[in-house]
$ cat input-v6.pdb   # PDB, C-alpha atoms
MODEL        1
ATOM      1  CA  MET A   1      31.040  27.870  24.135
ATOM      2  CA  THR A   2      34.123  29.322  22.441
ATOM      3  CA  ARG A   3      34.543  26.107  20.500
ATOM      4  CA  ALA A   4      30.960  26.316  19.245
ATOM      5  CA  LEU A   5      31.358  29.931  18.132
ATOM      6  CA  THR A   6      34.523  29.129  16.205
ATOM      7  CA  ALA A   7      33.125  26.025  14.493
ATOM      8  CA  TRP A   8      32.251  27.889  11.298
ATOM      9  CA  ARG A   9      32.877  26.111   8.026
ATOM     10  CA  PHE A  10      33.836  27.279   4.561
ATOM     11  CA  ASP A  11      32.722  25.039   1.711
ATOM     12  CA  PRO A  12      33.887  26.763  -1.505
ATOM     13  CA  PRO A  13      31.348  25.102  -3.878
ATOM     14  CA  LEU A  14      28.447  25.916  -1.540
ATOM     15  CA  VAL A  15      29.520  29.500  -0.887
ATOM     16  CA  ALA A  16      30.180  30.030  -4.597
ATOM     17  CA  GLY A  17      26.750  28.629  -5.467
ATOM     18  CA  LEU A  18      24.939  30.865  -2.979
ATOM     19  CA  ALA A  19      26.929  33.918  -4.068
ATOM     20  CA  THR A  20      26.224  33.169  -7.745
ATOM     21  CA  ALA A  21      22.504  32.851  -7.067
ATOM     22  CA  GLY A  22      22.513  36.202  -5.251
ATOM     23  CA  VAL A  23      24.483  37.965  -8.000
ATOM     24  CA  LEU A  24      22.243  36.585 -10.750
ATOM     25  CA  TYR A  25      19.143  37.651  -8.856
ATOM     26  CA  LEU A  26      20.445  41.190  -8.323
ATOM     27  CA  ARG A  27      21.477  41.344 -11.967
ATOM     28  CA  GLY A  28      17.929  40.425 -12.918
ATOM     29  CA  VAL A  29      16.589  43.176 -10.655
ATOM     30  CA  GLY A  30      18.921  45.628 -12.384
ATOM     31  CA  ARG A  31      17.540  44.651 -15.793
ATOM     32  CA  VAL A  32      13.955  45.394 -14.817
ATOM     33  CA  GLN A  33      12.875  48.867 -15.853
ATOM     34  CA  ARG A  34      11.427  50.975 -13.058
ATOM     35  CA  PRO A  35      11.747  48.412 -10.234
ATOM     36  CA  GLU A  36       8.863  49.015  -7.813
ATOM     37  CA  ARG A  37       8.920  48.628  -4.036
ATOM     38  CA  ARG A  38       7.388  45.163  -4.354
ATOM     39  CA  LEU A  39      10.423  43.995  -6.332
ATOM     40  CA  VAL A  40      12.761  45.390  -3.678
ATOM     41  CA  ASN A  41      10.847  43.470  -0.981
ATOM     42  CA  ARG A  42      11.075  40.287  -3.036
ATOM     43  CA  ALA A  43      14.822  40.770  -3.451
ATOM     44  CA  ALA A  44      15.173  41.143   0.318
ATOM     45  CA  CYS A  45      13.264  37.864   0.814
ATOM     46  CA  PHE A  46      15.368  35.969  -1.724
ATOM     47  CA  LEU A  47      18.679  37.244  -0.343
ATOM     48  CA  GLY A  48      17.404  36.501   3.159
ATOM     49  CA  GLY A  49      16.688  32.926   2.096
ATOM     50  CA  LEU A  50      20.232  32.578   0.763
ATOM     51  CA  ALA A  51      21.565  33.964   4.054
ATOM     52  CA  VAL A  52      19.571  31.399   6.043
ATOM     53  CA  LEU A  53      20.938  28.629   3.823
ATOM     54  CA  TRP A  54      24.449  29.866   4.518
ATOM     55  CA  ILE A  55      23.848  29.976   8.275
ATOM     56  CA  ALA A  56      22.249  26.525   8.329
ATOM     57  CA  LEU A  57      25.003  24.912   6.266
ATOM     58  CA  GLN A  58      28.181  26.767   7.270
ATOM     59  CA  SER A  59      27.667  27.833  10.874
ATOM     60  CA  PRO A  60      28.250  25.747  14.041
ATOM     61  CA  ILE A  61      24.767  24.366  13.417
ATOM     62  CA  ASP A  62      26.209  22.245  10.625
ATOM     63  CA  ALA A  63      29.306  21.404  12.647
ATOM     64  CA  TYR A  64      27.236  19.921  15.478
ATOM     65  CA  ALA A  65      24.475  18.392  13.315
ATOM     66  CA  ASP A  66      26.525  15.185  13.086
ATOM     67  CA  VAL A  67      26.809  14.981  16.880
ATOM     68  CA  ARG A  68      23.349  15.935  18.144
ATOM     69  CA  LEU A  69      20.071  15.017  16.508
ATOM     70  CA  SER A  70      18.402  18.062  18.070
ATOM     71  CA  VAL A  71      20.854  20.375  16.285
ATOM     72  CA  HIS A  72      20.352  18.405  13.063
ATOM     73  CA  MET A  73      16.611  18.953  13.436
ATOM     74  CA  VAL A  74      17.100  22.709  13.841
ATOM     75  CA  GLN A  75      19.186  22.688  10.674
ATOM     76  CA  HIS A  76      16.496  20.916   8.681
ATOM     77  CA  LEU A  77      13.784  23.247   9.974
ATOM     78  CA  LEU A  78      15.869  26.244   8.917
ATOM     79  CA  LEU A  79      16.174  24.742   5.438
ATOM     80  CA  THR A  80      12.536  23.747   5.009
ATOM     81  CA  MET A  81      10.554  26.207   7.133
ATOM     82  CA  VAL A  82      12.617  29.407   6.848
ATOM     83  CA  ALA A  83      14.948  29.414   3.852
ATOM     84  CA  ALA A  84      12.553  27.720   1.406
ATOM     85  CA  PRO A  85       9.560  30.064   1.914
ATOM     86  CA  LEU A  86      11.871  33.097   1.730
ATOM     87  CA  LEU A  87      13.269  31.872  -1.581
ATOM     88  CA  VAL A  88       9.748  31.345  -2.916
ATOM     89  CA  LEU A  89       8.686  34.814  -1.727
ATOM     90  CA  GLY A  90      11.550  36.154  -3.823
ATOM     91  CA  ALA A  91       9.619  35.036  -6.945
ATOM     92  CA  PRO A  92      12.730  34.151  -8.995
ATOM     93  CA  VAL A  93      10.690  32.789 -11.919
ATOM     94  CA  THR A  94       8.689  36.015 -12.192
ATOM     95  CA  LEU A  95      11.921  38.006 -12.096
ATOM     96  CA  LEU A  96      13.418  35.825 -14.823
ATOM     97  CA  LEU A  97      10.362  36.409 -17.033
ATOM     98  CA  ARG A  98      10.598  40.165 -16.531
ATOM     99  CA  ALA A  99      14.354  40.448 -16.941
ATOM    100  CA  ALA A 100      14.816  38.129 -19.925
ATOM    101  CA  THR A 101      14.699  39.335 -23.494
ATOM    102  CA  PRO A 102      11.607  38.318 -25.514
ATOM    103  CA  ALA A 103      13.649  35.874 -27.617
ATOM    104  CA  PHE A 104      15.304  34.246 -24.591
ATOM    105  CA  ARG A 105      11.945  34.048 -22.821
ATOM    106  CA  ARG A 106      10.224  32.325 -25.759
ATOM    107  CA  ARG A 107      13.040  29.861 -26.421
ATOM    108  CA  TRP A 108      14.455  28.989 -23.010
ATOM    109  CA  VAL A 109      12.025  29.992 -20.252
ATOM    110  CA  LEU A 110       8.441  29.433 -21.386
ATOM    111  CA  PRO A 111       8.850  25.909 -22.904
ATOM    112  CA  PRO A 112      10.103  24.349 -19.630
ATOM    113  CA  LEU A 113       7.478  26.216 -17.599
ATOM    114  CA  ARG A 114       4.737  24.874 -19.866
ATOM    115  CA  SER A 115       6.110  21.314 -20.003
ATOM    116  CA  ARG A 116       4.182  18.383 -18.587
ATOM    117  CA  PRO A 117       6.737  17.504 -15.856
ATOM    118  CA  VAL A 118       6.655  21.058 -14.491
ATOM    119  CA  ARG A 119       2.862  21.109 -14.611
ATOM    120  CA  LEU A 120       2.788  17.837 -12.679
ATOM    121  CA  LEU A 121       5.350  18.922 -10.065
ATOM    122  CA  SER A 122       3.582  22.256  -9.523
ATOM    123  CA  ALA A 123       0.195  20.639  -8.878
ATOM    124  CA  PRO A 124      -0.740  21.502  -5.259
ATOM    125  CA  VAL A 125      -1.636  17.907  -4.391
ATOM    126  CA  VAL A 126       1.769  16.714  -5.611
ATOM    127  CA  CYS A 127       3.573  19.562  -3.793
ATOM    128  CA  TRP A 128       1.861  18.669  -0.512
ATOM    129  CA  ALA A 129       2.239  14.908  -0.855
ATOM    130  CA  GLN A 130       5.905  14.890  -1.869
ATOM    131  CA  PHE A 131       6.881  17.092   1.091
ATOM    132  CA  ALA A 132       5.096  14.819   3.565
ATOM    133  CA  LEU A 133       6.638  11.768   1.886
ATOM    134  CA  VAL A 134      10.145  13.233   2.066
ATOM    135  CA  LEU A 135       9.756  14.039   5.770
ATOM    136  CA  TRP A 136       8.524  10.600   6.791
ATOM    137  CA  VAL A 137      10.717   8.486   4.499
ATOM    138  CA  SER A 138      13.905  10.387   5.305
ATOM    139  CA  HIS A 139      13.395  10.174   9.062
ATOM    140  CA  PHE A 140      12.240   6.557   9.182
ATOM    141  CA  SER A 141      14.605   4.934   6.715
ATOM    142  CA  PRO A 142      18.367   4.265   6.628
ATOM    143  CA  LEU A 143      18.810   7.574   4.743
ATOM    144  CA  TYR A 144      18.966   9.753   7.859
ATOM    145  CA  ASP A 145      21.610   7.681   9.624
ATOM    146  CA  ALA A 146      23.576   7.307   6.385
ATOM    147  CA  ALA A 147      23.571  11.097   5.949
ATOM    148  CA  VAL A 148      25.218  11.477   9.358
ATOM    149  CA  ARG A 149      27.964   9.027   8.413
ATOM    150  CA  ASN A 150      28.554  10.101   4.798
ATOM    151  CA  ALA A 151      29.157  13.710   3.692
ATOM    152  CA  GLY A 152      27.997  13.091   0.115
ATOM    153  CA  ILE A 153      24.677  11.600   1.226
ATOM    154  CA  HIS A 154      24.301  14.500   3.667
ATOM    155  CA  VAL A 155      24.576  16.979   0.785
ATOM    156  CA  LEU A 156      21.982  15.029  -1.224
ATOM    157  CA  GLU A 157      19.702  15.014   1.814
ATOM    158  CA  HIS A 158      19.929  18.799   2.088
ATOM    159  CA  LEU A 159      19.172  19.209  -1.615
ATOM    160  CA  LEU A 160      16.175  16.922  -1.207
ATOM    161  CA  TYR A 161      14.845  18.905   1.746
ATOM    162  CA  VAL A 162      15.283  22.310   0.120
ATOM    163  CA  GLY A 163      13.829  21.183  -3.208
ATOM    164  CA  SER A 164      10.788  19.513  -1.663
ATOM    165  CA  ALA A 165      10.199  22.495   0.643
ATOM    166  CA  VAL A 166      10.368  24.979  -2.252
ATOM    167  CA  LEU A 167       7.728  22.927  -4.061
ATOM    168  CA  PHE A 168       5.637  22.742  -0.883
ATOM    169  CA  TRP A 169       5.618  26.504  -0.254
ATOM    170  CA  SER A 170       5.059  27.526  -3.879
ATOM    171  CA  PRO A 171       1.249  27.035  -3.885
ATOM    172  CA  VAL A 172       0.995  28.874  -0.552
ATOM    173  CA  VAL A 173       2.898  31.977  -1.621
ATOM    174  CA  GLY A 174       1.395  32.000  -5.100
ATOM    175  CA  VAL A 175       3.746  34.683  -6.497
ATOM    176  CA  ASP A 176       5.382  32.957  -9.449
ATOM    177  CA  PRO A 177       3.132  31.949 -12.370
ATOM    178  CA  SER A 178       1.579  28.520 -12.005
ATOM    179  CA  PRO A 179      -0.892  26.557 -14.154
ATOM    180  CA  LYS A 180      -2.871  25.682 -10.996
ATOM    181  CA  ARG A 181      -3.134  28.591  -8.566
ATOM    182  CA  LEU A 182      -4.810  27.944  -5.216
ATOM    183  CA  SER A 183      -7.506  30.224  -3.879
ATOM    184  CA  HIS A 184      -6.981  31.674  -0.410
ATOM    185  CA  PRO A 185      -9.423  29.243   1.259
ATOM    186  CA  ALA A 186      -7.607  26.362  -0.452
ATOM    187  CA  ARG A 187      -4.254  27.693   0.796
ATOM    188  CA  LEU A 188      -5.576  27.760   4.347
ATOM    189  CA  LEU A 189      -6.734  24.148   4.020
ATOM    190  CA  TYR A 190      -3.398  23.194   2.433
ATOM    191  CA  LEU A 191      -1.458  24.543   5.425
ATOM    192  CA  PHE A 192      -3.937  23.252   7.987
ATOM    193  CA  LEU A 193      -3.572  19.709   6.662
ATOM    194  CA  ALA A 194       0.221  20.021   6.723
ATOM    195  CA  MET A 195       0.377  20.926  10.416
ATOM    196  CA  PRO A 196      -0.219  17.391  11.755
ATOM    197  CA  GLN A 197       2.624  16.013   9.624
ATOM    198  CA  ALA A 198       5.317  17.779  11.645
ATOM    199  CA  SER A 199       3.461  17.195  14.914
ATOM    200  CA  PHE A 200       2.980  13.447  14.379
ATOM    201  CA  LEU A 201       6.555  13.049  13.145
ATOM    202  CA  GLY A 202       7.861  14.820  16.232
ATOM    203  CA  LEU A 203       5.611  12.731  18.477
ATOM    204  CA  ALA A 204       6.859   9.511  16.852
ATOM    205  CA  MET A 205      10.463  10.528  17.506
ATOM    206  CA  TRP A 206       9.739  11.677  21.052
ATOM    207  CA  GLY A 207       7.837   8.517  21.949
ATOM    208  CA  ALA A 208      10.361   6.046  20.551
ATOM    209  CA  SER A 209      11.748   3.762  23.243
ATOM    210  CA  ARG A 210      15.075   3.265  21.472
ATOM    211  CA  VAL A 211      17.568   5.429  19.621
ATOM    212  CA  LEU A 212      16.448   5.579  16.004
ATOM    213  CA  TYR A 213      19.813   6.585  14.541
ATOM    214  CA  PRO A 214      22.812   4.541  15.777
ATOM    215  CA  ALA A 215      25.303   7.199  14.660
ATOM    216  CA  TYR A 216      24.080   9.500  17.414
ATOM    217  CA  GLN A 217      24.288   6.742  20.015
ATOM    218  CA  VAL A 218      27.936   6.322  19.123
ATOM    219  CA  ALA A 219      28.496  10.055  19.579
ATOM    220  CA  LEU A 220      26.398  10.646  22.719
ATOM    221  CA  GLY A 221      26.060   7.291  24.399
ATOM    222  CA  PRO A 222      23.087   6.999  26.805
ATOM    223  CA  ALA A 223      22.290  10.712  26.328
ATOM    224  CA  ALA A 224      21.278  10.022  22.716
ATOM    225  CA  LEU A 225      17.734   9.031  23.709
ATOM    226  CA  ASP A 226      17.165  12.277  25.612
ATOM    227  CA  ASP A 227      18.573  14.247  22.681
ATOM    228  CA  GLN A 228      16.228  12.369  20.353
ATOM    229  CA  ARG A 229      13.257  13.375  22.509
ATOM    230  CA  LEU A 230      14.409  16.982  22.357
ATOM    231  CA  ALA A 231      14.613  16.680  18.571
ATOM    232  CA  GLY A 232      11.060  15.310  18.502
ATOM    233  CA  THR A 233       9.877  18.249  20.597
ATOM    234  CA  ILE A 234      11.542  20.695  18.200
ATOM    235  CA  MET A 235       9.973  19.018  15.179
ATOM    236  CA  GLY A 236       6.549  18.855  16.816
ATOM    237  CA  SER A 237       6.733  22.546  17.690
ATOM    238  CA  ALA A 238       7.405  23.493  14.070
ATOM    239  CA  GLY A 239       3.697  23.213  13.270
ATOM    240  CA  MET A 240       2.883  25.765  15.931
ATOM    241  CA  PHE A 241       5.711  28.246  15.362
ATOM    242  CA  VAL A 242       5.792  28.147  11.545
ATOM    243  CA  MET A 243       2.508  26.861  10.153
ATOM    244  CA  VAL A 244       0.263  28.933  12.421
ATOM    245  CA  PRO A 245       1.944  32.256  11.476
ATOM    246  CA  ALA A 246       1.800  31.169   7.826
ATOM    247  CA  LEU A 247      -1.934  30.573   8.199
ATOM    248  CA  GLY A 248      -2.275  34.057   9.680
ATOM    249  CA  LEU A 249      -0.359  35.665   6.820
ATOM    250  CA  VAL A 250      -2.476  33.894   4.203
ATOM    251  CA  LEU A 251      -5.623  35.020   6.008
ATOM    252  CA  LEU A 252      -4.411  38.630   6.153
ATOM    253  CA  ASP A 253      -3.515  38.566   2.457
ATOM    254  CA  TRP A 254      -6.991  37.222   1.690
ATOM    255  CA  LEU A 255      -8.636  40.012   3.694
ATOM    256  CA  ARG A 256      -6.512  42.680   1.989
ATOM    257  CA  ARG A 257      -7.416  41.298  -1.417
ATOM    258  CA  GLU A 258     -11.111  41.318  -0.519
ATOM    259  CA  GLU A 259     -10.799  44.937   0.597
ATOM    260  CA  ARG A 260      -9.135  45.913  -2.678
ATOM    261  CA  GLU A 261     -11.851  44.147  -4.663
ATOM    262  CA  ALA A 262     -14.512  45.970  -2.636
ATOM    263  CA  VAL A 263     -12.857  49.329  -3.352
ATOM    264  CA  ARG A 264     -12.725  48.538  -7.077
ATOM    265  CA  ALA A 265     -16.357  47.449  -7.065
ATOM    266  CA  ASP A 266     -17.402  50.675  -5.321
ATOM    267  CA  ALA A 267     -15.392  52.693  -7.851
ATOM    268  CA  ARG A 268     -17.101  50.922 -10.768
ATOM    269  CA  VAL A 269     -20.509  51.549  -9.276
ATOM    270  CA  GLY A 270     -19.623  55.226  -8.821
ATOM    271  CA  LEU A 271     -18.522  55.536 -12.437
ATOM    272  CA  GLU A 272     -21.617  53.795 -13.738
ATOM    273  CA  GLY A 273     -23.920  55.975 -11.626
ATOM    274  CA  GLY A 274     -22.180  59.263 -12.453
ATOM    275  CA  PRO A 275     -23.364  61.917 -14.940
ATOM    276  CA  ARG A 276     -23.370  61.003 -18.612
TER     277      ARG A 276
ENDMDL
END
$ encode --input "input-v6.pdb" --output "structure tokens"
Amino acid sequence: MTRALTAWRFDPPLVAGLATAGVLYLRGVGRVQRPERRLVNRAACFLGGLAVLWIALQSPIDAYADVRLSVHMVQHLLLTMVAAPLLVLGAPVTLLLRAATPAFRRRWVLPPLRSRPVRLLSAPVVCWAQFALVLWVSHFSPLYDAAVRNAGIHVLEHLLYVGSAVLFWSPVVGVDPSPKRLSHPARLLYLFLAMPQASFLGLAMWGASRVLYPAYQVALGPAALDDQRLAGTIMGSAGMFVMVPALGLVLLDWLRREEREAVRADARVGLEGGPR
């Protein structure tokens, strides 16, 4: 237990990158005139996402990810199901648009946002499909086992997971500007269709009759198969413990928006029917 608690890591490039992202975000908040409570909440989400990245990649979770597949699975769920949606909720693109000068915004921000590659990558169908593809290909290809054996490939794997998850959650949160914004019913369907991906992937890992990743068999021996089944259970549970609450939050946001629209409609009717 003591060994696990002291197995913290310090990767200077990673820590410097996370710290730089946090400082730049807070600097952007400071440049916004009259920051409202909503901006403060978004800053808390973004900094929280950076904190989860730090915990997932520098804590004992990362130290034991190369030894136990179940711990590795927890790490990947923290990256994709916790850190990524928090980063998206921080709305960094919206903050950049608000904090940048008009000249900088016209020259450096708006052209990339309006480019064809960004429009393609931000399409909800592409966001959903690429996340599912990354999950299945990474877990059922030599990539996963290679990431355990090679630190450089492991870093690339983490970048792939975080990037694909940020794209996946962007249409659901719908805070930053997007050429194709999903309606609330479409967001519910989007999440509902994503739930079986994690469940089926977890079931495939749990039901495998052999160890899928030889690196873990070297580390654990015969216990590797039991650890793999635990990892499959953790992955399969992600749909229940993450997607279901996300569905609930989208539904609540939809109801609140409908209530606001009803209040505005009643106010317009009152103004139109008042004395002239």
$ closest_atom_pairs --input "input-v6.pdb" --of "range 145-245 of chain A" --to "range 60-71 of chain A" --cutoff "10 Å" --atoms "only C-alpha atoms" --output "CSV"
residue,atom,partner,partner_atom,distance
A:Asp145,CA,A:Asp66,CA,9.6
A:Ala147,CA,A:Asp66,CA,8.7
A:Val148,CA,A:Asp66,CA,5.4
A:Arg149,CA,A:Asp66,CA,7.9
A:Asn150,CA,A:Asp66,CA,9.9
A:Ala151,CA,A:Asp66,CA,9.9
A:His154,CA,A:Asp66,CA,9.7
A:Tyr213,CA,A:Leu69,CA,8.7
A:Ala215,CA,A:Asp66,CA,8.2
A:Tyr216,CA,A:Val67,CA,6.1
A:Gln217,CA,A:Val67,CA,9.2
A:Val218,CA,A:Val67,CA,9.0
A:Ala219,CA,A:Val67,CA,5.9
A:Leu220,CA,A:Val67,CA,7.3
A:Ala223,CA,A:Arg68,CA,9.8
A:Ala224,CA,A:Arg68,CA,7.8
A:Leu225,CA,A:Leu69,CA,9.7
A:Asp226,CA,A:Ser70,CA,9.6
A:Asp227,CA,A:Ser70,CA,6.0
A:Gln228,CA,A:Leu69,CA,6.0
A:Arg229,CA,A:Ser70,CA,8.3
A:Leu230,CA,A:Ser70,CA,6.0
A:Ala231,CA,A:Ser70,CA,4.1
A:Gly232,CA,A:Ser70,CA,7.9
A:Thr233,CA,A:Ser70,CA,8.9
A:Ile234,CA,A:Ser70,CA,7.3
A:Met235,CA,A:Ser70,CA,9.0
$ resolve_selection --input "input-v6.pdb" --expression "the PyMOL selection byres ((chain A and resi 47-51) around 9)" --output "NGL selection string"
:A and (18-19 or 21-22 or 25 or 42-46 or 52-56 or 79 or 82-88 or 90)
$ resolve_selection --input "input-v6.pdb" --expression "the PyMOL selection byres ((chain A and resi 179-188) around 9)" --output "list in words"
Arg114, Arg119, Ser122, Ala123, Pro124, Pro171, Val172, Val173, Gly174, Pro177, Ser178, Leu189, Tyr190, Leu191, Phe192, Leu193, Ala246, Leu247, Gly248, Val250, Leu251, Asp253 and Trp254 of chain A
$ atom_distance --input "input-v6.pdb" --atom1 "CA of Trp128 in chain A" --atom2 "CA of His76 in chain A"
17.4 Å
$ atom_distance --input "input-v6.pdb" --atom1 "CA of Phe10 in chain A" --atom2 "CA of Val23 in chain A"
19.0 Å
$ atom_distance --input "input-v6.pdb" --atom1 "CA of Leu26 in chain A" --atom2 "CA of Arg107 in chain A"
22.6 Å
$ closest_residue --input "input-v6.pdb" --among "A:Val74, A:Val126, A:Val162, A:Leu143" --to "Leu212 in chain A" --atoms "only C-alpha atoms"
A:Leu143
$ closest_residue --input "input-v6.pdb" --among "A:Phe140, A:Ile153, A:Arg27, A:Arg38" --to "Val211 in chain A" --atoms "all atoms listed in the file"
A:Phe140
$ closest_residue --input "input-v6.pdb" --among "A:Gln197, A:Ser59, A:Ser164, A:Ser170" --to "Ala91 in chain A" --atoms "only C-alpha atoms"
A:Ser170
$ closest_residue --input "input-v6.pdb" --among "A:Leu121, A:Leu167, A:Met81, A:Ala146" --to "Pro214 in chain A" --atoms "all atoms listed in the file"
A:Ala146
$ closest_residue --input "input-v6.pdb" --among "A:Pro142, A:Pro35, A:Gly163, A:Pro92" --to "Thr80 in chain A" --atoms "all atoms listed in the file"
A:Gly163
$ decode --input "input-v6.pdb" --residues "range 113-124 of chain A" --atoms "N, CA, C and O atoms" --output "PDB file, in the first residue's frame"
ATOM      1  N   LEU A 113     -11.056  27.755 -37.890  1.00  0.00           N
ATOM      2  CA  LEU A 113     -12.359  27.274 -37.457  1.00  0.00           C
ATOM      3  C   LEU A 113     -13.315  27.077 -38.630  1.00  0.00           C
ATOM      4  O   LEU A 113     -14.199  26.212 -38.579  1.00  0.00           O
ATOM      5  N   ARG A 114     -13.130  27.878 -39.676  1.00  0.00           N
ATOM      6  CA  ARG A 114     -14.022  27.799 -40.834  1.00  0.00           C
ATOM      7  C   ARG A 114     -13.453  26.918 -41.937  1.00  0.00           C
ATOM      8  O   ARG A 114     -14.060  26.791 -43.006  1.00  0.00           O
ATOM      9  N   SER A 115     -12.302  26.303 -41.715  1.00  0.00           N
ATOM     10  CA  SER A 115     -11.670  25.480 -42.747  1.00  0.00           C
ATOM     11  C   SER A 115     -12.425  24.167 -42.946  1.00  0.00           C
ATOM     12  O   SER A 115     -13.157  23.713 -42.057  1.00  0.00           O
ATOM     13  N   ARG A 116     -12.218  23.568 -44.088  1.00  0.00           N
ATOM     14  CA  ARG A 116     -12.911  22.315 -44.406  1.00  0.00           C
ATOM     15  C   ARG A 116     -12.508  21.167 -43.481  1.00  0.00           C
ATOM     16  O   ARG A 116     -13.378  20.407 -43.046  1.00  0.00           O
ATOM     17  N   PRO A 117     -11.213  20.994 -43.154  1.00  0.00           N
ATOM     18  CA  PRO A 117     -10.870  19.894 -42.231  1.00  0.00           C
ATOM     19  C   PRO A 117     -11.562  20.013 -40.877  1.00  0.00           C
ATOM     20  O   PRO A 117     -12.019  19.003 -40.323  1.00  0.00           O
ATOM     21  N   VAL A 118     -11.632  21.226 -40.331  1.00  0.00           N
ATOM     22  CA  VAL A 118     -12.287  21.406 -39.036  1.00  0.00           C
ATOM     23  C   VAL A 118     -13.781  21.141 -39.160  1.00  0.00           C
ATOM     24  O   VAL A 118     -14.393  20.528 -38.273  1.00  0.00           O
ATOM     25  N   ARG A 119     -14.381  21.585 -40.246  1.00  0.00           N
ATOM     26  CA  ARG A 119     -15.806  21.320 -40.454  1.00  0.00           C
ATOM     27  C   ARG A 119     -16.077  19.820 -40.549  1.00  0.00           C
ATOM     28  O   ARG A 119     -17.087  19.323 -40.039  1.00  0.00           O
ATOM     29  N   LEU A 120     -15.163  19.099 -41.193  1.00  0.00           N
ATOM     30  CA  LEU A 120     -15.335  17.650 -41.321  1.00  0.00           C
ATOM     31  C   LEU A 120     -15.163  16.969 -39.965  1.00  0.00           C
ATOM     32  O   LEU A 120     -15.982  16.122 -39.582  1.00  0.00           O
ATOM     33  N   LEU A 121     -14.105  17.333 -39.234  1.00  0.00           N
ATOM     34  CA  LEU A 121     -13.838  16.688 -37.944  1.00  0.00           C
ATOM     35  C   LEU A 121     -14.910  17.000 -36.908  1.00  0.00           C
ATOM     36  O   LEU A 121     -15.137  16.207 -35.991  1.00  0.00           O
ATOM     37  N   SER A 122     -15.564  18.153 -37.026  1.00  0.00           N
ATOM     38  CA  SER A 122     -16.580  18.540 -36.051  1.00  0.00           C
ATOM     39  C   SER A 122     -17.969  18.026 -36.405  1.00  0.00           C
ATOM     40  O   SER A 122     -18.910  18.239 -35.631  1.00  0.00           O
ATOM     41  N   ALA A 123     -18.107  17.348 -37.543  1.00  0.00           N
ATOM     42  CA  ALA A 123     -19.399  16.765 -37.897  1.00  0.00           C
ATOM     43  C   ALA A 123     -19.757  15.679 -36.880  1.00  0.00           C
ATOM     44  O   ALA A 123     -18.929  14.810 -36.585  1.00  0.00           O
ATOM     45  N   PRO A 124     -20.955  15.708 -36.306  1.00  0.00           N
ATOM     46  CA  PRO A 124     -21.310  14.741 -35.257  1.00  0.00           C
ATOM     47  C   PRO A 124     -21.118  13.284 -35.656  1.00  0.00           C
ATOM     48  O   PRO A 124     -20.671  12.471 -34.844  1.00  0.00           O
TER      49      PRO A 124
END
